[in-house]
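File shown: coords18.pdb. Contents: PDB, C-alpha atoms.
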ATOM      1  CA  MET M   1      14.028  -8.424   2.321
ATOM      2  CA  GLU M   2      15.898  -9.829   5.272
ATOM      3  CA  ASP M   3      18.664 -12.442   5.147
ATOM      4  CA  ASP M   4      18.209 -13.464   8.800
ATOM      5  CA  GLU M   5      15.784 -16.353   8.311
ATOM      6  CA  GLU M   6      14.578 -16.507  11.917
ATOM      7  CA  LEU M   7      13.881 -12.763  12.063
ATOM      8  CA  ARG M   8      12.180 -12.833   8.667
ATOM      9  CA  GLU M   9      10.060 -15.974   9.029
ATOM     10  CA  LYS M  10       9.264 -16.059  12.742
ATOM     11  CA  ILE M  11       8.937 -12.394  13.659
ATOM     12  CA  MET M  12       8.512 -10.023  10.726
ATOM     13  CA  LEU M  13       6.269 -11.978   8.367
ATOM     14  CA  PRO M  14       3.782 -13.138  11.050
ATOM     15  CA  ALA M  15       3.509  -9.594  12.422
ATOM     16  CA  LEU M  16       3.006  -8.047   8.984
ATOM     17  CA  ARG M  17       0.403 -10.608   7.950
ATOM     18  CA  HIS M  18      -1.440 -10.212  11.245
ATOM     19  CA  ALA M  19      -1.582  -6.464  10.532
ATOM     20  CA  GLY M  20      -3.243  -7.105   7.179
ATOM     21  CA  PHE M  21      -0.303  -6.995   4.774
ATOM     22  CA  ASP M  22       0.001  -9.606   2.033
ATOM     23  CA  ALA M  23       3.681 -10.082   2.814
ATOM     24  CA  VAL M  24       6.299 -12.196   1.038
ATOM     25  CA  GLY M  25       9.717 -12.822   2.576
ATOM     26  CA  LEU M  26      12.864 -12.679   0.465
ATOM     27  CA  ALA M  27      16.460 -13.300   1.500
ATOM     28  CA  ASN M  28      18.433 -11.450  -1.162
ATOM     29  CA  ALA M  29      18.330  -9.125  -4.157
ATOM     30  CA  LEU M  30      18.375 -11.946  -6.687
ATOM     31  CA  GLN M  31      15.099 -13.319  -5.322
ATOM     32  CA  LEU M  32      13.540  -9.852  -5.481
ATOM     33  CA  TYR M  33      14.534  -9.211  -9.085
ATOM     34  CA  ARG M  34      13.262 -12.627 -10.148
ATOM     35  CA  MET M  35       9.890 -11.999  -8.494
ATOM     36  CA  TRP M  36       9.715  -8.437  -9.833
ATOM     37  CA  ALA M  37       9.421  -9.770 -13.375
ATOM     38  CA  SER M  38       6.139 -11.535 -12.638
ATOM     39  CA  SER M  39       4.674  -9.970  -9.478
ATOM     40  CA  HIS M  40       3.243  -6.606  -8.436
ATOM     41  CA  PHE M  41       4.470  -4.982  -5.206
ATOM     42  CA  ASP M  42       3.010  -1.905  -3.496
ATOM     43  CA  LEU M  43       5.713  -1.741  -0.817
ATOM     44  CA  VAL M  44       9.237  -3.032  -0.372
ATOM     45  CA  LEU M  45      10.800  -3.252   3.083
ATOM     46  CA  LEU M  46      14.516  -3.913   2.961
ATOM     47  CA  ASP M  47      17.576  -4.148   5.135
ATOM     48  CA  VAL M  48      20.683  -2.221   4.116
ATOM     49  CA  GLY M  49      23.076  -5.112   4.754
ATOM     50  CA  LEU M  50      22.221  -7.924   2.350
ATOM     51  CA  PRO M  51      24.512 -10.737   1.178
ATOM     52  CA  ASP M  52      24.474  -9.988  -2.551
ATOM     53  CA  ASP M  53      23.930  -6.227  -2.858
ATOM     54  CA  ASP M  54      23.799  -2.945  -0.958
ATOM     55  CA  GLY M  55      20.284  -2.091   0.179
ATOM     56  CA  VAL M  56      20.624   1.558  -0.831
ATOM     57  CA  GLU M  57      21.615   0.566  -4.356
ATOM     58  CA  ILE M  58      18.670  -1.834  -4.494
ATOM     59  CA  ALA M  59      16.393   1.037  -3.443
ATOM     60  CA  ARG M  60      17.900   3.275  -6.118
ATOM     61  CA  HIS M  61      17.273   0.634  -8.775
ATOM     62  CA  LEU M  62      13.712   0.030  -7.606
ATOM     63  CA  ARG M  63      12.970   3.745  -7.693
ATOM     64  CA  GLU M  64      14.181   3.885 -11.294
ATOM     65  CA  LEU M  65      11.806   1.046 -12.119
ATOM     66  CA  SER M  66       8.801   2.582 -10.343
ATOM     67  CA  GLN M  67       8.042   6.057  -9.026
ATOM     68  CA  SER M  68       4.902   4.845  -7.211
ATOM     69  CA  LEU M  69       6.493   2.001  -5.232
ATOM     70  CA  GLY M  70       6.703   2.528  -1.467
ATOM     71  CA  ILE M  71      10.217   1.818  -0.149
ATOM     72  CA  VAL M  72      10.984   1.513   3.565
ATOM     73  CA  MET M  73      14.551   0.807   4.703
ATOM     74  CA  TYR M  74      15.894  -0.300   8.062
ATOM     75  CA  THR M  75      19.483  -0.515   9.247
ATOM     76  CA  GLY M  76      21.736  -0.448  12.252
ATOM     77  CA  HIS M  77      23.296   2.801  11.008
ATOM     78  CA  GLY M  78      21.529   5.890  12.304
ATOM     79  CA  ARG M  79      24.026   8.500  11.171
ATOM     80  CA  SER M  80      22.732  11.495   9.262
ATOM     81  CA  VAL M  81      24.977  10.722   6.296
ATOM     82  CA  ASP M  82      23.459   7.229   5.992
ATOM     83  CA  ARG M  83      19.897   8.599   6.117
ATOM     84  CA  ILE M  84      20.671  11.219   3.488
ATOM     85  CA  ARG M  85      22.210   8.613   1.183
ATOM     86  CA  ALA M  86      19.078   6.465   1.481
ATOM     87  CA  LEU M  87      16.685   9.370   0.969
ATOM     88  CA  ARG M  88      18.589  10.483  -2.114
ATOM     89  CA  ALA M  89      18.170   6.975  -3.474
ATOM     90  CA  GLY M  90      14.387   7.409  -3.260
ATOM     91  CA  VAL M  91      13.554   5.757   0.056
ATOM     92  CA  ASP M  92      10.227   6.891   1.583
ATOM     93  CA  ALA M  93      11.074   6.073   5.203
ATOM     94  CA  TYR M  94      14.208   5.076   7.127
ATOM     95  CA  LEU M  95      14.135   3.131  10.398
ATOM     96  CA  VAL M  96      16.984   2.243  12.734
ATOM     97  CA  LYS M  97      17.446  -1.139  14.427
ATOM     98  CA  PRO M  98      16.414  -2.630  16.738
ATOM     99  CA  LEU M  99      13.064  -2.663  14.983
ATOM    100  CA  ASP M 100       9.876  -2.043  16.920
ATOM    101  CA  MET M 101       7.227  -3.955  14.973
ATOM    102  CA  ASP M 102       4.409  -1.576  15.928
ATOM    103  CA  GLU M 103       6.444   1.375  14.649
ATOM    104  CA  LEU M 104       7.348  -0.539  11.494
ATOM    105  CA  ILE M 105       3.717  -1.409  10.770
ATOM    106  CA  GLU M 106       2.543   2.172  11.273
ATOM    107  CA  THR M 107       5.365   3.416   9.045
ATOM    108  CA  LEU M 108       4.328   1.036   6.274
ATOM    109  CA  ARG M 109       0.700   2.104   6.633
ATOM    110  CA  ASN M 110       1.659   5.767   6.454
ATOM    111  CA  VAL M 111       3.724   5.236   3.308
ATOM    112  CA  ARG M 112       0.853   3.281   1.763
ATOM    113  CA  ALA M 113      -1.631   5.995   2.731
ATOM    114  CA  ARG M 114       0.501   8.633   1.018
ATOM    115  CA  GLN M 115       0.540   6.476  -2.103
ATOM    116  CA  ALA M 116      -3.217   6.017  -1.981
ATOM    117  CA  GLY M 117      -3.760   9.741  -1.517
ATOM    118  CA  ARG M 118      -2.176  10.576  -4.840
ATOM    119  CA  GLU M 119      -4.558  11.426  -7.630
ATOM    120  CA  MET M 120      -5.608   8.727 -10.028
ATOM    121  CA  PRO M 121      -4.699   9.498 -13.634
ATOM    122  CA  ASP M 122      -7.532  10.157 -16.052
ATOM    123  CA  ALA M 123      -8.904   7.173 -17.865
ATOM    124  CA  PRO M 124      -7.340   6.735 -21.323
ATOM    125  CA  ASN M 125     -10.520   7.886 -23.060
ATOM    126  CA  GLY M 126     -10.870  10.879 -20.757
ATOM    127  CA  GLY M 127     -14.323   9.759 -19.702
ATOM    128  CA  GLY M 128     -13.769   7.451 -16.752
ATOM    129  CA  TRP M 129     -13.896   7.763 -12.993
ATOM    130  CA  ALA M 130     -11.007   9.658 -11.373
ATOM    131  CA  LEU M 131      -9.889  10.563  -7.863
ATOM    132  CA  ARG M 132      -9.446  14.333  -7.471
ATOM    133  CA  ARG M 133      -8.297  17.010  -5.019
ATOM    134  CA  HIS M 134      -5.661  14.774  -3.453
ATOM    135  CA  GLY M 135      -8.210  12.009  -3.016
ATOM    136  CA  TRP M 136     -11.055  13.950  -1.408
ATOM    137  CA  SER M 137     -13.494  13.673  -4.326
ATOM    138  CA  LEU M 138     -14.403  11.464  -7.253
ATOM    139  CA  SER M 139     -15.201  12.783 -10.693
ATOM    140  CA  THR M 140     -17.643  10.700 -12.711
ATOM    141  CA  PRO M 141     -17.559   9.916 -16.442
ATOM    142  CA  SER M 142     -20.096  12.706 -17.044
ATOM    143  CA  GLY M 143     -18.021  15.232 -15.059
ATOM    144  CA  ALA M 144     -19.996  15.292 -11.798
ATOM    145  CA  THR M 145     -18.099  15.532  -8.495
ATOM    146  CA  VAL M 146     -18.741  13.269  -5.508
ATOM    147  CA  ALA M 147     -17.179  14.432  -2.230
ATOM    148  CA  LEU M 148     -15.585  11.733  -0.052
ATOM    149  CA  ASN M 149     -15.258  11.492   3.704
ATOM    150  CA  HIS M 150     -12.063  10.190   5.330
ATOM    151  CA  ALA M 151     -13.041   6.492   5.353
ATOM    152  CA  GLU M 152     -14.273   6.630   1.752
ATOM    153  CA  ARG M 153     -11.045   8.339   0.713
ATOM    154  CA  GLN M 154      -8.985   5.598   2.384
ATOM    155  CA  ILE M 155     -10.927   2.854   0.614
ATOM    156  CA  MET M 156     -10.969   4.467  -2.826
ATOM    157  CA  GLY M 157      -7.364   5.572  -2.566
ATOM    158  CA  LEU M 158      -6.244   1.987  -1.979
ATOM    159  CA  LEU M 159      -8.532   0.428  -4.601
ATOM    160  CA  ALA M 160      -7.470   3.022  -7.158
ATOM    161  CA  THR M 161      -3.850   1.904  -6.880
ATOM    162  CA  ARG M 162      -4.931  -1.584  -7.980
ATOM    163  CA  PRO M 163      -7.483  -1.032 -10.763
ATOM    164  CA  ASN M 164      -9.245  -4.195 -11.942
ATOM    165  CA  GLN M 165      -7.540  -6.210  -9.196
ATOM    166  CA  PRO M 166      -9.415  -7.617  -6.186
ATOM    167  CA  VAL M 167      -8.276  -6.283  -2.812
ATOM    168  CA  SER M 168      -8.995  -8.451   0.207
ATOM    169  CA  ARG M 169     -11.336  -7.355   2.973
ATOM    170  CA  GLU M 170      -8.505  -7.841   5.446
ATOM    171  CA  THR M 171      -6.261  -5.434   3.533
ATOM    172  CA  LEU M 172      -9.024  -2.831   3.269
ATOM    173  CA  ILE M 173      -9.830  -3.107   6.974
ATOM    174  CA  ALA M 174      -6.154  -2.778   7.901
ATOM    175  CA  HIS M 175      -6.102   0.405   5.829
ATOM    176  CA  LEU M 176      -9.043   1.796   7.787
ATOM    177  CA  THR M 177      -7.976   0.988  11.328
ATOM    178  CA  SER M 178      -5.054  -0.140  13.465
ATOM    179  CA  ASP M 179      -7.433  -2.312  15.536
ATOM    180  CA  VAL M 180      -8.004  -4.961  12.889
ATOM    181  CA  GLU M 181      -9.338  -7.583  15.304
ATOM    182  CA  GLY M 182     -11.816  -5.174  16.892
ATOM    183  CA  PHE M 183     -13.185  -3.910  13.562
ATOM    184  CA  ASP M 184     -16.613  -5.260  12.580
ATOM    185  CA  PRO M 185     -16.400  -6.430   8.925
ATOM    186  CA  HIS M 186     -20.011  -5.344   8.423
ATOM    187  CA  ARG M 187     -18.803  -1.741   8.790
ATOM    188  CA  LEU M 188     -16.783  -2.176   5.599
ATOM    189  CA  GLU M 189     -19.827  -3.532   3.756
ATOM    190  CA  MET M 190     -21.936  -0.602   4.984
ATOM    191  CA  LEU M 191     -19.235   1.883   3.971
ATOM    192  CA  VAL M 192     -19.145   0.464   0.439
ATOM    193  CA  TYR M 193     -22.957   0.415   0.234
ATOM    194  CA  ARG M 194     -23.234   4.063   1.312
ATOM    195  CA  LEU M 195     -20.501   5.146  -1.112
ATOM    196  CA  ARG M 196     -22.268   3.443  -4.005
ATOM    197  CA  ARG M 197     -25.555   5.038  -2.941
ATOM    198  CA  LYS M 198     -23.925   8.459  -2.667
ATOM    199  CA  CYS M 199     -22.537   8.241  -6.207
ATOM    200  CA  ILE M 200     -25.937   7.361  -7.629
ATOM    201  CA  ASP M 201     -27.707  10.076  -5.621
ATOM    202  CA  VAL M 202     -25.210  12.773  -6.643
ATOM    203  CA  SER M 203     -24.555  11.852 -10.256
ATOM    204  CA  GLY M 204     -27.022   9.175 -11.296
ATOM    205  CA  GLU M 205     -24.027   7.021 -12.227
ATOM    206  CA  ALA M 206     -23.074   3.714 -10.651
ATOM    207  CA  LEU M 207     -19.602   3.531  -9.129
ATOM    208  CA  PRO M 208     -17.806   0.506 -10.666
ATOM    209  CA  LEU M 209     -16.868  -0.876  -7.265
ATOM    210  CA  LYS M 210     -17.580  -4.602  -7.339
ATOM    211  CA  ALA M 211     -17.697  -7.248  -4.625
ATOM    212  CA  VAL M 212     -15.561 -10.321  -5.296
ATOM    213  CA  ARG M 213     -17.059 -13.314  -3.522
ATOM    214  CA  GLY M 214     -14.768 -14.762  -0.870
ATOM    215  CA  VAL M 215     -12.100 -12.094  -1.443
ATOM    216  CA  GLY M 216     -13.090  -8.461  -1.142
ATOM    217  CA  TYR M 217     -13.653  -5.654  -3.648
ATOM    218  CA  LEU M 218     -12.239  -4.377  -6.915
ATOM    219  CA  PHE M 219     -12.508  -1.041  -8.710
ATOM    220  CA  GLU M 220     -13.111  -1.406 -12.445
ATOM    221  CA  ARG M 221     -11.502   1.116 -14.772
TER
END
Rewrite the coordinates I just gave you, this time as structure tokens.
Amino acid sequence: MEDDEELREKIMLPALRHAGFDAVGLANALQLYRMWASSHFDLVLLDVGLPDDDGVEIARHLRELSQSLGIVMYTGHGRSVDRIRALRAGVDAYLVKPLDMDELIETLRNVRARQAGREMPDAPNGGGWALRRHGWSLSTPSGATVALNHAERQIMGLLATRPNQPVSRETLIAHLTSDVEGFDPHRLEMLVYRLRRKCIDVSGEALPLKAVRGVGYLFER
């Protein structure tokens, strides 16, 4: 959320999309609340000074609506009292202008990684797949445990936050590496193949991780 159109459209959005984020630019709180009713957001990046509302109050409202949402705020005010006010409102990270886009992107990735590292809740029937031990293992419907390495944890942590929703290859790759352009997409396919194979070898059960043609992967729950 940034009311400066040139900064939003010509600098921030291109940089975020190049880094693998599925980013949407909004100019004010009204636009956000209208989109919130019909869209799902994993992260919200917002300026404090907006034309129709105070960014900290927006953050407070968003946190009341969702405890899992990642909220990153940026502002020209770097005073301790301003940071504390934002953190008390539920902000995950607080950056001070002028923005360095590399720092912003890494901050967003770190917030997203912390979200993905949280444990998945049990399936409603108590017999589904679940992410355990802060994301370092999967438990199967029969109760077996499949240990995950770092890359597998990153992939499953992200997919688990969007059950039954396809996640693009670009988004998954951006979650694995900061060098998106230098990453061979076949490495992602091999990682998924080995994870599926590991689950079958350990438990005899097939991980419900499905390829979506032309898009990426989804985790069925």
Please determine, counting all atoms listed in the file, which residue among M:Ile84, M:Val111, M:Ala15, M:Val215 has the shortest atom-to-atom distance to Val44 of chain M.
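Of all the options, M:Val111 lies closest to Val44 of chain M.
Atom pair atom CA of Arg197 of chain M / atom CA of Thr161 of chain M: separated by 22.3 Å.
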Determine, counting all atoms listed in the file, which protein, DNA and RNA residues have an atom within 10 Å of an atom of Ala19 of chain M; residues of the same chain fewer than 6 positions away are not included. Present the result as a PyMOL selection string.
chain M and resi 13+102+105-106+109+170-171+173-175+177-181
Can you work out which one of M:Ala37, M:Ala93, M:Val48, M:Val24 has the shortest atom-to-atom distance to Asn110 of chain M, counting all atoms listed in the file?
M:Ala93
Which residues, named as in the file, does the PyMOL selection byres ((chain M and resi 101) around 12) pick out? Answer as a list in words.
Leu7, Arg8, Ile11, Met12, Leu13, Pro14, Ala15, Leu16, Arg17, His18, Ala19, Tyr74, Leu95, Val96, Lys97, Pro98, Leu99, Asp100, Asp102, Glu103, Leu104, Ile105, Glu106, Thr107 and Leu108 of chain M
I'd like the neighbourhood of Met1 of chain M as number ranges by chain, where a residue qualifies if any of its atoms comes within 6 Å (using all atoms listed in the file), though same-chain residues fewer than 3 positions away should be ignored.
M: 26-27, 46
As a VMD selection string, please: the residues near Leu172 of chain M (cut-off 9 Å, only C-alpha atoms, same-chain neighbours under 3 positions excluded).
chain M and resid 20 154 to 155 158 to 159 167 to 169 175 to 177 188 216 to 217
Name every residue that the PyMOL selection byres ((chain M and resi 60) around 9) selects in this structure, writing the answer as a PyMOL selection string with chains first and numbers rising.
chain M and resi 55-59+61-65+86+88-91
With only C-alpha atoms as the basis for distance, which of M:Leu195, M:Leu50, M:Leu45, M:Ala29 is at the shortest distance from Met73 of chain M?
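Once distances to Met73 of chain M are computed over only C-alpha atoms, the minimum belongs to M:Leu45.
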